Amino acid sequence: MLSELEQYILNHTEPEDDLLKELYRETHVRMLHPRMASGHIQGKILEMFCHMIQAKNILEIGTYTGYSAICMAKCLPENGMLHTIEINDEIEEFTRSFFERSGLNNKIKFHIGDAREIIPTLHTTFDLVFIDGEKNQYCEYYEMVLPIVRTNGFIIADNVLWSEKVIEKNLRNNDHFAHGIKAFNDFIQKDNRVQNVLFPVRDGLMVMRKV
């Protein structure tokens, strides 16, 4: 159930298109962890970022069911390309079906496998990278992608508040994702290779500009 404020925000944001609405609904019906889908507000924010920087080449780490990929690919010029990487091959058919229906197949290169193995094979300079993969691997992803992001390009990392666990004093030792996110946030805050701001949108977006 949405709060009154959340409903107000939705009422004053461009409406969700029909395909994305169906994708979000089907994700909640058929997938085990549906909250992993970006959803309307976050999708629109990603879309706006892509428009603002006039992104031509985008990399996404963590496709899931493709919501955010479609939002970003919509912004690409005719010769633009979004590379998106998903490690879970069991959802590949579901995700591909929505890519095909989106009419953006010619702008989306869908990779199945470990991002850490795929990224070195891409040989592309990116305007924007969206990190939404394994949370305990965020620092690894970051170090891999920073050299292939153009100067003044952007890296956006999702879930950096991790259900507010980042402010807990006594995290369980086996909560690898929470520890991974905290380590990533602390590292970025000290890294002078980027400017950064943490947006309290949904589960947190860390937005970084390569200087």
# chains A, B, ... in the order shown; residues from 1 in each chain; ligands from 1
call {"tool": "residues_around", "arguments": {"residues": "region 193-208 of chain A", "least_positions_apart": "4", "cutoff": "10 Å", "atoms": "only C-alpha atoms", "output": "list in words"}}
result
Ser38, Gly39, Ile41, Gln42, Ile45, Leu128, Val129, Phe130, Ile131, Asp132, Leu146, Thr151, Asn152, Gly153, Phe154, Ile155, Ile156, Ala157, Asp158, Asn159, Val160, Leu161, Trp162, Ser163, Glu164, Phe184, Asn185, Ile188 and Gln189 of chain A
call {"tool": "closest_residue", "arguments": {"among": "A:Met31, A:Val149, A:Ile61, A:Cys71", "to": "Met48 (chain A)", "atoms": "only C-alpha atoms"}}
result
A:Cys71
call {"tool": "select_by_dssp", "arguments": {"residues": "region 68-210 of chain A", "states": "strand (DSSP E or B)", "output": "ChimeraX atom specification"}}
result
/A:81-86,108-112,126-131,149-158,194-199,205-210
call {"tool": "write_last_selection", "arguments": {"atoms": "C-alpha atoms", "output": "PDB file, in the first residue's frame"}}
result
ATOM      1  CA  MET A  81      24.173   0.366 -27.451  1.00  0.00           C
ATOM      2  CA  LEU A  82      23.369  -0.886 -23.970  1.00  0.00           C
ATOM      3  CA  HIS A  83      25.314  -3.909 -22.749  1.00  0.00           C
ATOM      4  CA  THR A  84      23.519  -5.623 -19.893  1.00  0.00           C
ATOM      5  CA  ILE A  85      24.887  -8.581 -17.934  1.00  0.00           C
ATOM      6  CA  GLU A  86      22.867 -11.123 -15.938  1.00  0.00           C
ATOM      7  CA  ILE A 108      20.413  -4.031 -26.243  1.00  0.00           C
ATOM      8  CA  LYS A 109      23.224  -6.588 -26.085  1.00  0.00           C
ATOM      9  CA  PHE A 110      22.187  -9.137 -23.466  1.00  0.00           C
ATOM     10  CA  HIS A 111      25.052 -11.101 -21.884  1.00  0.00           C
ATOM     11  CA  ILE A 112      24.551 -14.121 -19.627  1.00  0.00           C
ATOM     12  CA  PHE A 126      30.991   3.916 -21.647  1.00  0.00           C
ATOM     13  CA  ASP A 127      29.129   7.119 -20.880  1.00  0.00           C
ATOM     14  CA  LEU A 128      27.206   5.516 -18.011  1.00  0.00           C
ATOM     15  CA  VAL A 129      27.484   2.334 -15.966  1.00  0.00           C
ATOM     16  CA  PHE A 130      24.648   1.101 -13.752  1.00  0.00           C
ATOM     17  CA  ILE A 131      25.831  -1.325 -11.063  1.00  0.00           C
ATOM     18  CA  VAL A 149      34.090   5.145 -18.287  1.00  0.00           C
ATOM     19  CA  ARG A 150      34.843   8.371 -20.151  1.00  0.00           C
ATOM     20  CA  THR A 151      35.937  11.463 -18.256  1.00  0.00           C
ATOM     21  CA  ASN A 152      32.793  13.196 -16.966  1.00  0.00           C
ATOM     22  CA  GLY A 153      30.901   9.947 -17.459  1.00  0.00           C
ATOM     23  CA  PHE A 154      28.768   8.492 -14.684  1.00  0.00           C
ATOM     24  CA  ILE A 155      28.576   5.360 -12.570  1.00  0.00           C
ATOM     25  CA  ILE A 156      25.358   4.727 -10.641  1.00  0.00           C
ATOM     26  CA  ALA A 157      25.183   1.997  -8.007  1.00  0.00           C
ATOM     27  CA  ASP A 158      21.851   0.689  -6.735  1.00  0.00           C
ATOM     28  CA  VAL A 194      35.077  10.526  -8.696  1.00  0.00           C
ATOM     29  CA  GLN A 195      32.630  13.047  -7.287  1.00  0.00           C
ATOM     30  CA  ASN A 196      29.759  11.344  -5.516  1.00  0.00           C
ATOM     31  CA  VAL A 197      26.351  11.935  -4.012  1.00  0.00           C
ATOM     32  CA  LEU A 198      24.086   9.372  -2.356  1.00  0.00           C
ATOM     33  CA  PHE A 199      20.463   9.807  -3.428  1.00  0.00           C
ATOM     34  CA  LEU A 205      21.480   5.313  -5.488  1.00  0.00           C
ATOM     35  CA  MET A 206      25.141   6.287  -5.319  1.00  0.00           C
ATOM     36  CA  VAL A 207      25.788   8.609  -8.256  1.00  0.00           C
ATOM     37  CA  MET A 208      29.433   9.127  -9.245  1.00  0.00           C
ATOM     38  CA  ARG A 209      30.995  11.366 -11.873  1.00  0.00           C
ATOM     39  CA  LYS A 210      34.451  10.408 -13.129  1.00  0.00           C
TER      40      LYS A 210
END
call {"tool": "atom_distance", "arguments": {"atom1": "CA of Tyr67 (chain A)", "atom2": "CA of Leu46 (chain A)"}}
result
10.7 Å
call {"tool": "closest_residue", "arguments": {"among": "A:Met52, A:Leu2, A:Leu59, A:Thr65", "to": "Thr124 (chain A)", "atoms": "only C-alpha atoms"}}
result
A:Leu59
call {"tool": "residues_around", "arguments": {"residues": "Asp175 (chain A)", "least_positions_apart": "3", "cutoff": "12 Å", "atoms": "only C-alpha atoms", "output": "ChimeraX atom specification"}}
result
/A:135-136,162,165-166,168,170-172,178-182
call {"tool": "residues_around", "arguments": {"residues": "Gly113 (chain A)", "least_positions_apart": "3", "cutoff": "8 Å", "atoms": "only C-alpha atoms", "output": "PyMOL selection string"}}
result
chain A and resi 85-89+117-118
call {"tool": "atom_distance", "arguments": {"atom1": "CA of Thr121 (chain A)", "atom2": "CA of Ala73 (chain A)"}}
result
20.7 Å
call {"tool": "atom_distance", "arguments": {"atom1": "CA of Leu104 (chain A)", "atom2": "CA of Gly66 (chain A)"}}
result
11.5 Å
call {"tool": "select_by_dssp", "arguments": {"residues": "region 47-165 of chain A", "states": "helix (DSSP H, G or I)", "output": "ChimeraX atom specification"}}
result
/A:47-52,67-73,89-102,105-107,115-121,135-148,162-165
call {"tool": "closest_residue", "arguments": {"among": "A:Glu6, A:Asp191, A:Glu78, A:Asp17", "to": "Lys107 (chain A)", "atoms": "only C-alpha atoms"}}
result
A:Glu78
call {"tool": "residues_around", "arguments": {"residues": "Leu19 (chain A)", "least_positions_apart": "3", "cutoff": "10 Å", "atoms": "only C-alpha atoms", "output": "list in words"}}
result
Glu16, Glu22, Leu23, Tyr24, Arg25, Tyr67, Ile70, Phe98, Arg101 and Ser102 of chain A
call {"tool": "write_last_selection", "arguments": {"atoms": "N, CA, C and O atoms", "output": "PDB file, in the first residue's frame"}}
result
ATOM      1  N   GLU A  16       3.931   5.561 -16.307  1.00  0.00           N
ATOM      2  CA  GLU A  16       4.629   4.350 -16.743  1.00  0.00           C
ATOM      3  C   GLU A  16       4.002   3.841 -18.026  1.00  0.00           C
ATOM      4  O   GLU A  16       2.780   3.797 -18.153  1.00  0.00           O
ATOM      5  N   GLU A  22       3.391  -3.910 -17.482  1.00  0.00           N
ATOM      6  CA  GLU A  22       3.198  -5.365 -17.574  1.00  0.00           C
ATOM      7  C   GLU A  22       4.420  -6.113 -17.071  1.00  0.00           C
ATOM      8  O   GLU A  22       4.293  -7.118 -16.341  1.00  0.00           O
ATOM      9  N   LEU A  23       5.602  -5.629 -17.439  1.00  0.00           N
ATOM     10  CA  LEU A  23       6.838  -6.269 -16.991  1.00  0.00           C
ATOM     11  C   LEU A  23       6.937  -6.256 -15.469  1.00  0.00           C
ATOM     12  O   LEU A  23       7.273  -7.271 -14.842  1.00  0.00           O
ATOM     13  N   TYR A  24       6.627  -5.131 -14.862  1.00  0.00           N
ATOM     14  CA  TYR A  24       6.699  -5.024 -13.404  1.00  0.00           C
ATOM     15  C   TYR A  24       5.695  -5.961 -12.742  1.00  0.00           C
ATOM     16  O   TYR A  24       6.014  -6.647 -11.760  1.00  0.00           O
ATOM     17  N   ARG A  25       4.479  -6.019 -13.296  1.00  0.00           N
ATOM     18  CA  ARG A  25       3.442  -6.899 -12.743  1.00  0.00           C
ATOM     19  C   ARG A  25       3.842  -8.367 -12.890  1.00  0.00           C
ATOM     20  O   ARG A  25       3.723  -9.153 -11.941  1.00  0.00           O
ATOM     21  N   TYR A  67      13.794  -4.342 -16.534  1.00  0.00           N
ATOM     22  CA  TYR A  67      13.059  -3.075 -16.405  1.00  0.00           C
ATOM     23  C   TYR A  67      13.986  -1.878 -16.627  1.00  0.00           C
ATOM     24  O   TYR A  67      13.715  -1.005 -17.454  1.00  0.00           O
ATOM     25  N   ILE A  70      15.450  -1.500 -20.259  1.00  0.00           N
ATOM     26  CA  ILE A  70      14.516  -0.914 -21.227  1.00  0.00           C
ATOM     27  C   ILE A  70      14.418   0.594 -21.018  1.00  0.00           C
ATOM     28  O   ILE A  70      14.430   1.372 -21.985  1.00  0.00           O
ATOM     29  N   PHE A  98      10.699  -9.686 -23.153  1.00  0.00           N
ATOM     30  CA  PHE A  98      10.322  -8.278 -23.005  1.00  0.00           C
ATOM     31  C   PHE A  98      11.246  -7.363 -23.804  1.00  0.00           C
ATOM     32  O   PHE A  98      10.799  -6.326 -24.314  1.00  0.00           O
ATOM     33  N   ARG A 101       9.815  -7.490 -27.287  1.00  0.00           N
ATOM     34  CA  ARG A 101       8.567  -6.735 -27.396  1.00  0.00           C
ATOM     35  C   ARG A 101       8.772  -5.229 -27.286  1.00  0.00           C
ATOM     36  O   ARG A 101       7.940  -4.447 -27.770  1.00  0.00           O
ATOM     37  N   SER A 102       9.884  -4.817 -26.677  1.00  0.00           N
ATOM     38  CA  SER A 102      10.135  -3.385 -26.492  1.00  0.00           C
ATOM     39  C   SER A 102      10.495  -2.683 -27.796  1.00  0.00           C
ATOM     40  O   SER A 102      10.434  -1.451 -27.876  1.00  0.00           O
TER      41      SER A 102
END
call {"tool": "decode", "arguments": {"residues": "region 160-182 of chain A", "atoms": "N, CA, C and O atoms", "output": "CSV table (one decimal), in the first residue's frame"}}
result
chain,number,residue,atom,x,y,z
A,160,VAL,N,22.4,1.1,-2.3
A,160,VAL,CA,23.5,1.4,-1.4
A,160,VAL,C,23.0,1.8,0.0
A,160,VAL,O,23.9,2.1,0.9
A,161,LEU,N,21.7,1.7,0.3
A,161,LEU,CA,21.3,1.9,1.6
A,161,LEU,C,20.9,0.5,2.2
A,161,LEU,O,20.8,0.3,3.4
A,162,TRP,N,20.7,-0.5,1.3
A,162,TRP,CA,20.5,-1.9,1.7
A,162,TRP,C,19.5,-2.0,2.9
A,162,TRP,O,19.9,-2.5,4.0
A,163,SER,N,18.3,-1.6,2.7
A,163,SER,CA,17.3,-1.6,3.7
A,163,SER,C,17.7,-1.0,5.0
A,163,SER,O,17.3,-1.5,6.1
A,164,GLU,N,18.5,0.0,4.9
A,164,GLU,CA,19.0,0.8,6.1
A,164,GLU,C,20.0,0.0,6.9
A,164,GLU,O,20.4,0.5,8.0
A,165,LYS,N,20.4,-1.2,6.5
A,165,LYS,CA,21.4,-1.9,7.2
A,165,LYS,C,22.8,-1.2,7.3
A,165,LYS,O,23.6,-1.5,8.2
A,166,VAL,N,23.0,-0.3,6.4
A,166,VAL,CA,24.3,0.4,6.4
A,166,VAL,C,24.5,1.3,7.6
A,166,VAL,O,25.7,1.6,7.9
A,167,ILE,N,23.5,1.6,8.4
A,167,ILE,CA,23.6,2.3,9.6
A,167,ILE,C,23.5,1.5,10.8
A,167,ILE,O,23.6,2.0,12.0
A,168,GLU,N,23.4,0.2,10.7
A,168,GLU,CA,23.4,-0.7,11.8
A,168,GLU,C,24.8,-0.9,12.4
A,168,GLU,O,25.8,-0.9,11.7
A,169,LYS,N,24.9,-0.9,13.7
A,169,LYS,CA,26.1,-0.9,14.4
A,169,LYS,C,26.7,-2.4,14.5
A,169,LYS,O,27.9,-2.6,14.5
A,170,ASN,N,25.8,-3.3,14.6
A,170,ASN,CA,26.3,-4.7,14.8
A,170,ASN,C,25.7,-5.7,13.7
A,170,ASN,O,24.8,-6.5,14.0
A,171,LEU,N,26.3,-5.5,12.5
A,171,LEU,CA,25.8,-6.4,11.4
A,171,LEU,C,26.3,-7.9,11.7
A,171,LEU,O,27.4,-8.1,12.2
A,172,ARG,N,25.5,-8.8,11.3
A,172,ARG,CA,26.0,-10.2,11.4
A,172,ARG,C,27.2,-10.4,10.5
A,172,ARG,O,27.2,-9.9,9.4
A,173,ASN,N,28.1,-11.2,10.9
A,173,ASN,CA,29.3,-11.5,10.1
A,173,ASN,C,29.0,-12.1,8.8
A,173,ASN,O,29.7,-11.9,7.8
A,174,ASN,N,27.9,-12.9,8.8
A,174,ASN,CA,27.6,-13.6,7.5
A,174,ASN,C,26.7,-12.9,6.6
A,174,ASN,O,26.2,-13.4,5.6
A,175,ASP,N,26.4,-11.6,6.9
A,175,ASP,CA,25.6,-10.8,6.1
A,175,ASP,C,26.5,-10.1,5.0
A,175,ASP,O,26.8,-8.9,5.1
A,176,HIS,N,26.9,-10.9,4.1
A,176,HIS,CA,28.0,-10.5,3.1
A,176,HIS,C,27.5,-9.4,2.2
A,176,HIS,O,28.4,-8.5,1.9
A,177,PHE,N,26.3,-9.3,1.9
A,177,PHE,CA,25.8,-8.2,1.0
A,177,PHE,C,25.9,-6.9,1.8
A,177,PHE,O,26.3,-5.9,1.2
A,178,ALA,N,25.4,-6.9,3.0
A,178,ALA,CA,25.4,-5.6,3.8
A,178,ALA,C,26.8,-5.2,4.0
A,178,ALA,O,27.1,-4.0,3.9
A,179,HIS,N,27.7,-6.1,4.3
A,179,HIS,CA,29.1,-5.7,4.5
A,179,HIS,C,29.7,-5.2,3.2
A,179,HIS,O,30.5,-4.2,3.2
A,180,GLY,N,29.4,-5.8,2.1
A,180,GLY,CA,29.9,-5.4,0.8
A,180,GLY,C,29.4,-4.0,0.4
A,180,GLY,O,30.2,-3.2,-0.1
A,181,ILE,N,28.1,-3.7,0.7
A,181,ILE,CA,27.6,-2.4,0.4
A,181,ILE,C,28.3,-1.3,1.3
A,181,ILE,O,28.7,-0.2,0.8
A,182,LYS,N,28.4,-1.6,2.6
A,182,LYS,CA,29.1,-0.6,3.5
A,182,LYS,C,30.5,-0.4,3.0
A,182,LYS,O,31.0,0.8,3.0
